[in-house]
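A.B. asks: There's a structure below that I have some questions on.
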Amino acid sequence: MIDAIKRNWRVGLLVVAVLGATIVLFTPMFAPDPGAEGIGNGTDTGSADGITNLQFGLDLDGGTRIRAPLVGYTATDVGFQGDDPATVASNVAGELPNTTSTSVNAELRDPAEGGTGAVEVTDANVSETEFTAAIEAAGYAYDGVRPGVTEETLEATIEVIEGKINEAGLSGGSVREIVDANGRSFVLIEVPGEDRNDVEELIAERGTVRIDIFIPNDGNGTRNRAVVTQDDFENVGTASRSDGGGSYVPVSIVDTAPAGEPTPAQQLQQAISQANQQAGNPGTDGWKCAANPADRGKCIDDYTQSEEPRLLLVVNDRVVNDFGMDGGLLQSMVQGTWANDPGFRLTTGAGEDSFQRAQQISINLRAGALPAELGDGSSSYISPTQGEQFKTYSLITGILSVFAVAGMVFLRYREPKVALPMVVTALTEVYTLLGFAALLGYPLDLAVIAGFIAVVGTGVDDLVIIADEVMSEGDVSSKTVFDSRFRRAFWVIGAAAATTIIAMSPLMVLSLGDLSGFAIFTILGVLIGVLVTRPAYGDILRMLLTDR
C-alpha cells in the first residue's frame with residue numbers, strides 16, 4: 001500500500017488539490033467579507049454567490065462600468081529655473097486667460113540645476129496650443145506635452161472617487177487605472193448593482209469643507225467656526241515634495257471682494273490675529289502642537305489637549321486634520337501683510353508616510369471635488385436580471401463544452417479506461433482553478449469564463465498528446481516502456497505550456513481591463529495542468545494500461 005502511494009504520489013497531489021479547492025469554495029472560513037480589500041478588489045468589482053465563496057463581476061452580477069480619461073495636458077521635463085512649484089503654476093496660470101491657478105499644478109521631479117518637473121493644466125477649456133504658448137510665455141523650457149494629467153493627480157482622483165463609493169456604502173465598488181494600447185491612461189469605475197445615472201451623480205457630488213480655529217482656554221477651548229468656507233479657497237494644489245524631503249499641500253485664499261467688503265483672505269488674517277490675542281499671544285515661534293512624551297515628542301492626536309491655537313480642517317462637519325502655524329506666517333498675519341499674497345502650505349513633515357498624508361489632506365480640502373474632470377469615455381449598465389442570464393448562459397456553455405470534449409474523446413479512443421480518466425482529470429483542473437478564484441477573491445466575469453473554457457481545451461489537448469504518445473507504438477504493458485513514452489510526451493506539453501505562458505504574460509501585466517482576467521486564469525490553468533493534472537493522468541494511465 002505504501003509503495004503504491006509512493007509510486008503514484010502525483011494522484012495523491014491531485015486529490016489534495018481537489019480537497020483544498022472544496023474547502024476554499026464551500027467553508028465559511030473563506031467567505032469574502034463585504035467590501036474587504038483583496039486581489040479581486042484591485043482588479044474588478046464583485047459580490048459573493050450565496051452557495052459558494054465565488055465572487056462575480058459586473059458581467060454576471062449587474063452594475064455600472066465607466067471608463068474615461070482625465071481632462072488635461074501635461075508638459076514634461078519643464079525647467080523650473082529655481083522657482084518653487086507653486087510659483088511655476090501661478091506663472092503659467094497667469095498666461096492663460098480665464099484660468100485660475102486652481103487648474104494648473106506643478107510637480108518637482110529633480111531639484112538639481114534649478115529643478116525640473118511636470119506642469120499640468122486641468123481646465124477643459126484650455127487647448128494644447130494655448131497651454132504650450134502659456135508655458136513659453138512664462139519663460140519655462142519643456143521637453144514635450146502629452147494629453148492627460150500627472151500620476152499624482154491621477155492617484156488623487158482615484159482616491160477621491162473611492163472615498164465617495166465607500167462613504168455611500170456601495171460595497172464591492174472599485175476604481176483603478178487602465179492603460180490602452182497607445183499608453184494612454186483611463187480611470188475605470190465599476191459599481192455592482194447601481195444604476196449608471198446614480199453613479200455619475202455620486203461622482204459629481206461635492207461635500208462641504210471649512211477651516212475652524214480652536215482656541216484653548218485652560219481646558220475650556222472654544223472654536224471659531226468657518227473662518228474659511230468652501231468658496232473661499234482659490235486654489236488647492238496636489239500633494240508636493242519639498243527640497244528638504246518633506247511634503248506639503250499648497251493652498252491659496254481668494255483675495256477679491258465687492259467694494260467696501262473685506263476679502264476672504266483679510267477675514268482669515270483678522271481671525272488668526274484675534275485667536276492669537278485671545279490665547280495670550282503664545283509667541284513669535286508660531287502655534288505648536290501639544291507633544292506626547294511617551295511617543296518621542298510627536299503631536300497628541302487630540303487637538304483639544306493643545307495649549308496653543310490650532311487650525312481645524314472640517315469636512316462634512318467632521319474634523320479630519322488639525323494644524324499649527326509657522327512663526328513667520330503667524331507674524332505676517334498679525335502684522336496684516338499676509339493678505340497681500342494669501343497663500344500658505346499645509347505641511348506633513350518628512351516621515352515615510354508624509355507624502356501619503358499630504359495626498360489625503362489635499363483630498364480632504366477638495367471635499368469630493370475631483371482634481372481633474374472625467375473626459376468623454378464609455379459607460380455601460382448591466383441590469384441584475386441580465387447578469388443572471390449571463391451567469392446561466394455561461395454555466396450552460398461550460399457544460400456543453402465539457403460534453404463536447406468528452407464526446408470527441410470517446411469517439412477518438414473508444415476505450416473507457418483511457419477516455420474517462422481524461423475527462424475527469426480535465427474537470428478536476430477546472431474545479432481546482434475555481435478554488436484558486438475563490439481563494440484570491442477574484443470576481444468571475446465573461447473574460448474569466450472564456451479563460452476557463454480555454455483551459456479545458458488546452459488541457460484535453462495535452463492529455464490527448466499523452467495518450468497518443470503512450471499508445472502509438474502498440475502494447476504498453478511494461479511500466480518502463482510507459483515511462484519512456486510519457487517523458488517524450490511531457491517534453492512536448494512543457495514546451496507548449498511555456499509558449500502559452502509567454503504569449504499571455506503581456507496581457508496579464510498590462511492594465512487592459514477584462515483581458516487581464518482571461519490571461520491570468522489561462523496561465524494559472526496551464527500551470528495547474530503541467531504541475532498537477534498532467535502528471536496525475538500519466539500515473540492513472542500507467543496503472544490502467546501496464547501490468548509489469
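Just so we're on the same page: first chain in the C-alpha cells is A, next is B, and so on; residues restart at 1 for each chain, and ligands are numbered from 1 in the order they show up.
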Using only C-alpha atoms, which residues sit within 10 Å of Ala450 in chain A once same-chain residues fewer than 3 positions away are excluded, as a PyMOL selection string?
C.D. replies: chain A and resi 394+397-398+445-447+453-456+517-519+521-522
A.B. asks: Using only C-alpha atoms, which of A:Ala239, A:Leu311, A:Leu510, A:Ile23 sits nearest Asp180 in chain A?
C.D. replies: A:Leu510
A.B. asks: List as a PyMOL selection string the protein and nucleic acid residues near range 364-378 of chain A, meaning an atom at most 7 Å away when only C-alpha atoms are counted, but skip any in the same chain fewer than 3 places from it.
C.D. replies: chain A and resi 66-71+122+153+156-157+160+205-209+315+360-361
A.B. asks: Separation of CA of Ala437 in chain A and CA of Gly457 in chain A, in Å?
C.D. replies: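 If I compute the distance from CA of Ala437 in chain A to CA of Gly457 in chain A, I get 19.0 Å.
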A.B. asks: List the neighbours of Pro309 in chain A out to 7 Å using only C-alpha atoms; skip same-chain residues closer than 2 positions along the sequence, and give me the result as a list in words.
C.D. replies: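 Within the cut-off, the hits are Ile213, Phe214, Ile215, Pro216, Ala279, Trp287, Glu307 and Leu311 of chain A.
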A.B. asks: Skipping near chain neighbours, those fewer than 4 positions away, what residues fall within 10 Å of Leu524 in chain A using only C-alpha atoms, listed as a ChimeraX atom specification?
C.D. replies: /A:433,436-437,451-452,455,501,519-520,528-529
A.B. asks: Can you work out which one of A:Val78, A:Ile363, A:Met333, A:Leu54 has the shortest atom-to-atom distance to Thr22 in chain A, counting only C-alpha atoms?
C.D. replies: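 Closest candidate: A:Leu54.
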A.B. asks: A:Val430, A:Ile51, A:Ile178, A:Met508: which is nearest Pro28 in chain A, counting only C-alpha atoms?
C.D. replies: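 So, comparing all the options, the nearest one is A:Ile51.
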